[in-house]
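Trainee: Structure in structure tokens, see below.
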Amino acid sequence: MRLTIDGRNVEAAEGMSILAAARTAGIKIPTLCYLEGVSDIGSCRLCVVEVEGMAQLVPACNTKIREDMVVQTRSERVVEARRTVLRLLLSNHRVDCFSCEKSGDCQLQQYCMEYEIEMTPYIGSRKEIEPAKKDAHPFLSYDPSKCIRCHRCVETCAHVTGRKAIHLGKTGMFTVIDAPFGEDWKNTLCESCGNCAQACPTGALTEKRRKNYRSWEVKRVRTTCPHCATGCQMDLIVKDNHIVDVEGADGPSNHGLLCVKGRSASFDFVDSAERIRHPLIKNQETGEFEQATWEEALDLVASRFTEIKNTYGGEALAGFACSRSTNEDVYMLQKMVRTAFNSNNTDNCARV
């Protein structure tokens, strides 16, 4: 379909939203509640645009394109509407950006800077009734005073993770997010995966590790999760050459999601003092393990395997792959067993 966005001729597939069509053309429209493939409820109203022939501004995230549609994404009316939305959000938002874990990585903060919003003339009516911070969970924390009710955590938990552990609640006339991170968190459906925290655009839902770094202090290193053979892609968050956190990356098997093991049990061991960092070969005289080179260790293993195979045949050997190996490593092991050992005794434990 053909339409015009900000004076540019754009071609997009039928059924696309204005937001999706704009993104295919490289035109940026701000969003807070929108999460691609998860939520397009249009509640934040930050993505509103002006469409020729329509009296009201419409949310770009869930308004479908039509042939010859003419859209303005940054008209004076649109920009002022977004500025008003940001002022209203700030009226109930605790502004402690200097100490907030998400400072520098908060979408609300970024949009306020972009639209030059430094303060709000409005007095929020929620501040007196917001529930207390929920901080009993070992990994996750929820601060309602920073929540903008975008529903991204609710939608992610219900429709992507599939747990439905985060609910919408009511305090008087107001809708609140009921995150299960209080003292009774063990009795809830929460799996501690942290996908809700990664989906949160502000500092309301955070991994507790976030307090140890700021976004400008770190670099990201793409890798594969070491916990099973699914092959989830992740970004290691590295500060001063130490891994301080993990984020789910958009890999083909996980699309930004991680389980609790991938997010919170995949990197702490890296700097452990008890970690074995070199091959060890047992001294036959003393019975103690001694540091060796990789060449020495691999030559020893290869010679012993060859000796057993030549003496007893390939069927005397077997290969058992670790469940924390990648799918490719598991494949490589069984290939070695079948071709080098001449054995069909191979299996793996994919049950972590």
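Each chain of the structure tokens is named A, B, ... in the order shown, its residues numbered from 1; ligands are numbered from 1 in display order.
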Excluding region 252-269 of chain A and its own-chain neighbours fewer than 5 positions away, which residues fall within 6 Å of it when counting only C-alpha atoms? Please give them as a PyMOL selection string.

Mentor: chain A and resi 192-193+225+232+246

Trainee: So that I have them on file, write out the residues from the current selection with N, CA, C and O atoms, as a PDB file, in the first residue's frame.

Mentor:
ATOM      1  N   SER A 192      10.983 -15.923  38.251  1.00  0.00           N
ATOM      2  CA  SER A 192      12.201 -15.119  38.426  1.00  0.00           C
ATOM      3  C   SER A 192      12.983 -14.946  37.135  1.00  0.00           C
ATOM      4  O   SER A 192      14.197 -14.725  37.167  1.00  0.00           O
ATOM      5  N   CYS A 193      12.317 -15.039  35.988  1.00  0.00           N
ATOM      6  CA  CYS A 193      13.031 -14.972  34.708  1.00  0.00           C
ATOM      7  C   CYS A 193      13.541 -13.571  34.395  1.00  0.00           C
ATOM      8  O   CYS A 193      14.504 -13.407  33.646  1.00  0.00           O
ATOM      9  N   CYS A 225      23.878 -18.354  25.476  1.00  0.00           N
ATOM     10  CA  CYS A 225      23.656 -18.801  26.857  1.00  0.00           C
ATOM     11  C   CYS A 225      24.266 -20.185  27.068  1.00  0.00           C
ATOM     12  O   CYS A 225      24.056 -21.086  26.259  1.00  0.00           O
ATOM     13  N   CYS A 232      19.887 -19.721  23.195  1.00  0.00           N
ATOM     14  CA  CYS A 232      19.426 -18.345  23.400  1.00  0.00           C
ATOM     15  C   CYS A 232      20.599 -17.370  23.290  1.00  0.00           C
ATOM     16  O   CYS A 232      21.667 -17.595  23.865  1.00  0.00           O
ATOM     17  N   VAL A 246      23.356  -9.444  32.513  1.00  0.00           N
ATOM     18  CA  VAL A 246      23.045 -10.123  31.256  1.00  0.00           C
ATOM     19  C   VAL A 246      21.713  -9.595  30.738  1.00  0.00           C
ATOM     20  O   VAL A 246      20.793  -9.340  31.516  1.00  0.00           O
TER      21      VAL A 246
END

Trainee: Give the alpha helix (DSSP H) residues of region 62-301 of chain A, as DSSP finds them on the backbone, and put them as a PyMOL selection string.

Mentor: chain A and resi 76-91+107-114+152-155+195-199+260-264+294-301

Trainee: Please report, as number ranges by chain, each residue of region 31-221 of chain A to which DSSP assigns strand (DSSP E) when run on this structure's backbone.

Mentor: A: 48-51, 58-59, 70-72, 140-142, 167-171, 174-178, 205-207, 219-221

Trainee: I need the chosen residues saved as a PDB file, in the first residue's frame, with N, CA and C atoms.

Mentor:
ATOM      1  N   VAL A  48       1.017   9.136  19.348  1.00  0.00           N
ATOM      2  CA  VAL A  48      -0.065   9.721  18.540  1.00  0.00           C
ATOM      3  C   VAL A  48       0.493  10.461  17.321  1.00  0.00           C
ATOM      4  N   VAL A  49      -0.248  10.392  16.238  1.00  0.00           N
ATOM      5  CA  VAL A  49       0.099  11.082  14.998  1.00  0.00           C
ATOM      6  C   VAL A  49      -1.142  11.757  14.432  1.00  0.00           C
ATOM      7  N   GLU A  50      -0.930  12.631  13.483  1.00  0.00           N
ATOM      8  CA  GLU A  50      -2.027  13.347  12.839  1.00  0.00           C
ATOM      9  C   GLU A  50      -2.278  12.725  11.472  1.00  0.00           C
ATOM     10  N   VAL A  51      -3.528  12.331  11.217  1.00  0.00           N
ATOM     11  CA  VAL A  51      -3.903  11.715   9.943  1.00  0.00           C
ATOM     12  C   VAL A  51      -4.886  12.630   9.227  1.00  0.00           C
ATOM     13  N   VAL A  58      -4.383   9.981  16.485  1.00  0.00           N
ATOM     14  CA  VAL A  58      -4.579   8.541  16.651  1.00  0.00           C
ATOM     15  C   VAL A  58      -3.260   7.888  17.063  1.00  0.00           C
ATOM     16  N   PRO A  59      -3.329   6.810  17.861  1.00  0.00           N
ATOM     17  CA  PRO A  59      -2.103   6.087  18.229  1.00  0.00           C
ATOM     18  C   PRO A  59      -1.543   5.338  17.025  1.00  0.00           C
ATOM     19  N   VAL A  70      -2.384  10.069   4.552  1.00  0.00           N
ATOM     20  CA  VAL A  70      -1.391  11.129   4.741  1.00  0.00           C
ATOM     21  C   VAL A  70      -1.201  11.326   6.244  1.00  0.00           C
ATOM     22  N   VAL A  71       0.035  11.118   6.708  1.00  0.00           N
ATOM     23  CA  VAL A  71       0.324  11.104   8.137  1.00  0.00           C
ATOM     24  C   VAL A  71       1.392  12.146   8.467  1.00  0.00           C
ATOM     25  N   GLN A  72       1.169  12.847   9.560  1.00  0.00           N
ATOM     26  CA  GLN A  72       2.185  13.750  10.104  1.00  0.00           C
ATOM     27  C   GLN A  72       2.604  13.231  11.472  1.00  0.00           C
ATOM     28  N   LEU A 140      14.688  -9.409  41.760  1.00  0.00           N
ATOM     29  CA  LEU A 140      13.854  -8.366  41.159  1.00  0.00           C
ATOM     30  C   LEU A 140      13.283  -7.417  42.198  1.00  0.00           C
ATOM     31  N   SER A 141      13.039  -6.185  41.760  1.00  0.00           N
ATOM     32  CA  SER A 141      12.487  -5.164  42.649  1.00  0.00           C
ATOM     33  C   SER A 141      11.433  -4.369  41.886  1.00  0.00           C
ATOM     34  N   TYR A 142      10.373  -3.955  42.588  1.00  0.00           N
ATOM     35  CA  TYR A 142       9.303  -3.169  41.964  1.00  0.00           C
ATOM     36  C   TYR A 142       9.029  -1.926  42.783  1.00  0.00           C
ATOM     37  N   HIS A 167      -0.261  -8.987  37.765  1.00  0.00           N
ATOM     38  CA  HIS A 167      -1.678  -8.702  37.564  1.00  0.00           C
ATOM     39  C   HIS A 167      -1.956  -7.205  37.607  1.00  0.00           C
ATOM     40  N   LEU A 168      -3.113  -6.839  37.076  1.00  0.00           N
ATOM     41  CA  LEU A 168      -3.631  -5.486  37.248  1.00  0.00           C
ATOM     42  C   LEU A 168      -4.511  -5.471  38.486  1.00  0.00           C
ATOM     43  N   GLY A 169      -4.321  -4.480  39.327  1.00  0.00           N
ATOM     44  CA  GLY A 169      -5.129  -4.366  40.528  1.00  0.00           C
ATOM     45  C   GLY A 169      -5.785  -3.004  40.619  1.00  0.00           C
ATOM     46  N   LYS A 170      -6.487  -2.754  41.709  1.00  0.00           N
ATOM     47  CA  LYS A 170      -7.176  -1.482  41.910  1.00  0.00           C
ATOM     48  C   LYS A 170      -6.856  -0.919  43.290  1.00  0.00           C
ATOM     49  N   THR A 171      -6.586   0.351  43.326  1.00  0.00           N
ATOM     50  CA  THR A 171      -6.493   1.092  44.584  1.00  0.00           C
ATOM     51  C   THR A 171      -7.454   2.268  44.461  1.00  0.00           C
ATOM     52  N   PHE A 174      -7.992   3.933  40.941  1.00  0.00           N
ATOM     53  CA  PHE A 174      -6.810   3.838  40.099  1.00  0.00           C
ATOM     54  C   PHE A 174      -6.416   2.393  39.828  1.00  0.00           C
ATOM     55  N   THR A 175      -5.917   2.155  38.603  1.00  0.00           N
ATOM     56  CA  THR A 175      -5.349   0.862  38.237  1.00  0.00           C
ATOM     57  C   THR A 175      -3.886   0.824  38.677  1.00  0.00           C
ATOM     58  N   VAL A 176      -3.488  -0.288  39.277  1.00  0.00           N
ATOM     59  CA  VAL A 176      -2.101  -0.448  39.707  1.00  0.00           C
ATOM     60  C   VAL A 176      -1.562  -1.781  39.177  1.00  0.00           C
ATOM     61  N   ILE A 177      -0.248  -1.855  39.076  1.00  0.00           N
ATOM     62  CA  ILE A 177       0.405  -3.090  38.672  1.00  0.00           C
ATOM     63  C   ILE A 177       0.770  -3.873  39.926  1.00  0.00           C
ATOM     64  N   ASP A 178       0.299  -5.103  40.009  1.00  0.00           N
ATOM     65  CA  ASP A 178       0.557  -5.950  41.171  1.00  0.00           C
ATOM     66  C   ASP A 178       1.664  -6.941  40.806  1.00  0.00           C
ATOM     67  N   LEU A 205      10.399  -1.605  37.382  1.00  0.00           N
ATOM     68  CA  LEU A 205      10.769  -3.012  37.519  1.00  0.00           C
ATOM     69  C   LEU A 205      12.229  -3.165  37.120  1.00  0.00           C
ATOM     70  N   THR A 206      13.054  -3.579  38.054  1.00  0.00           N
ATOM     71  CA  THR A 206      14.477  -3.678  37.754  1.00  0.00           C
ATOM     72  C   THR A 206      15.085  -4.944  38.338  1.00  0.00           C
ATOM     73  N   GLU A 207      16.131  -5.415  37.680  1.00  0.00           N
ATOM     74  CA  GLU A 207      17.002  -6.419  38.285  1.00  0.00           C
ATOM     75  C   GLU A 207      17.829  -5.708  39.342  1.00  0.00           C
ATOM     76  N   LYS A 219      29.943  -1.990  28.316  1.00  0.00           N
ATOM     77  CA  LYS A 219      29.862  -2.395  26.917  1.00  0.00           C
ATOM     78  C   LYS A 219      29.132  -3.726  26.849  1.00  0.00           C
ATOM     79  N   ARG A 220      28.629  -4.074  25.674  1.00  0.00           N
ATOM     80  CA  ARG A 220      27.877  -5.313  25.500  1.00  0.00           C
ATOM     81  C   ARG A 220      28.642  -6.275  24.612  1.00  0.00           C
ATOM     82  N   VAL A 221      28.653  -7.536  25.026  1.00  0.00           N
ATOM     83  CA  VAL A 221      29.323  -8.583  24.272  1.00  0.00           C
ATOM     84  C   VAL A 221      28.309  -9.677  23.968  1.00  0.00           C
TER      85      VAL A 221
END

Trainee: Point out the residue among A:Asp68, A:Cys97, A:Ser75, A:Gly42 with the least atom-to-atom distance to Glu118 (chain A), counting only C-alpha atoms.

Mentor: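 Of all the options, A:Cys97 lies closest to Glu118 (chain A).
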
Trainee: Which residues come within 10 Å of Cys33 (chain A), counting only C-alpha atoms, excluding same-chain residues fewer than 2 positions away, as a ChimeraX atom specification?

Mentor: /A:30-31,35-36,39-47,61,148-153,199-201

Trainee: List the neighbours of Thr63 (chain A) out to 9 Å using only C-alpha atoms; skip same-chain residues closer than 3 positions along the sequence, and give me the result as a ChimeraX atom specification.

Mentor: /A:16-19,58-60

Trainee: Would you export the selected residues with all heavy atoms as an mmCIF file, in the first residue's frame, please?

Mentor:
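Written output follows (selection-v6.cif):
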data_model
loop_
_atom_site.group_PDB
_atom_site.id
_atom_site.type_symbol
_atom_site.label_atom_id
_atom_site.label_comp_id
_atom_site.auth_asym_id
_atom_site.auth_seq_id
_atom_site.Cartn_x
_atom_site.Cartn_y
_atom_site.Cartn_z
ATOM 1 N N MET A 16 -0.361 -3.441 8.062
ATOM 2 C CA MET A 16 0.634 -2.831 8.942
ATOM 3 C C MET A 16 0.029 -1.664 9.707
ATOM 4 O O MET A 16 -0.892 -0.991 9.239
ATOM 5 C CB MET A 16 1.830 -2.313 8.133
ATOM 6 C CG MET A 16 2.964 -3.286 7.945
ATOM 7 S SD MET A 16 4.408 -2.452 7.231
ATOM 8 C CE MET A 16 5.629 -3.741 7.326
ATOM 9 N N SER A 17 0.583 -1.408 10.890
ATOM 10 C CA SER A 17 0.203 -0.208 11.625
ATOM 11 C C SER A 17 1.001 0.983 11.081
ATOM 12 O O SER A 17 2.000 0.808 10.368
ATOM 13 C CB SER A 17 0.508 -0.381 13.113
ATOM 14 O OG SER A 17 1.909 -0.495 13.322
ATOM 15 N N ILE A 18 0.561 2.179 11.441
ATOM 16 C CA ILE A 18 1.311 3.367 11.040
ATOM 17 C C ILE A 18 2.717 3.317 11.612
ATOM 18 O O ILE A 18 3.701 3.667 10.946
ATOM 19 C CB ILE A 18 0.582 4.645 11.512
ATOM 20 C CG1 ILE A 18 -0.766 4.787 10.791
ATOM 21 C CG2 ILE A 18 1.433 5.882 11.270
ATOM 22 C CD1 ILE A 18 -1.614 5.947 11.305
ATOM 23 N N LEU A 19 2.844 2.849 12.849
ATOM 24 C CA LEU A 19 4.150 2.757 13.495
ATOM 25 C C LEU A 19 5.077 1.835 12.720
ATOM 26 O O LEU A 19 6.239 2.179 12.454
ATOM 27 C CB LEU A 19 3.980 2.249 14.929
ATOM 28 C CG LEU A 19 5.272 2.024 15.726
ATOM 29 C CD1 LEU A 19 6.009 3.334 15.940
ATOM 30 C CD2 LEU A 19 4.961 1.361 17.074
ATOM 31 N N VAL A 58 -4.383 9.981 16.485
ATOM 32 C CA VAL A 58 -4.579 8.541 16.651
ATOM 33 C C VAL A 58 -3.260 7.888 17.063
ATOM 34 O O VAL A 58 -2.176 8.349 16.700
ATOM 35 C CB VAL A 58 -5.095 7.887 15.346
ATOM 36 C CG1 VAL A 58 -6.445 8.463 14.964
ATOM 37 C CG2 VAL A 58 -4.086 8.061 14.212
ATOM 38 N N PRO A 59 -3.329 6.810 17.861
ATOM 39 C CA PRO A 59 -2.103 6.087 18.229
ATOM 40 C C PRO A 59 -1.543 5.338 17.025
ATOM 41 O O PRO A 59 -2.250 4.568 16.374
ATOM 42 C CB PRO A 59 -2.566 5.126 19.324
ATOM 43 C CG PRO A 59 -4.033 4.953 19.088
ATOM 44 C CD PRO A 59 -4.526 6.242 18.513
ATOM 45 N N ALA A 60 -0.275 5.556 16.738
ATOM 46 C CA ALA A 60 0.339 4.941 15.569
ATOM 47 C C ALA A 60 0.532 3.444 15.735
ATOM 48 O O ALA A 60 0.581 2.702 14.758
ATOM 49 C CB ALA A 60 1.687 5.602 15.282
#

Trainee: For Thr156 (chain A), which residue out of A:Gln110, A:Asn92, A:Asn241, A:Gln198 is the nearest one, using only C-alpha atoms?

Mentor: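 Selected residue with least distance to Thr156 (chain A): A:Gln198.
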
Trainee: Point out the residue among A:Ala321, A:Val337, A:Ala297, A:Val244 with the least atom-to-atom distance to Lys211 (chain A), counting only C-alpha atoms.

Mentor: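 The shortest atom-to-atom distance to Lys211 (chain A) comes from A:Val244.
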
Trainee: Excluding same-chain residues fewer than 6 positions from Val301 (chain A), what lies within 12 Å of it counting only C-alpha atoms, as a list in words?

Mentor: Pro279, Leu280, Ile281, Trp294, Glu295, Glu307 and Ile308 of chain A
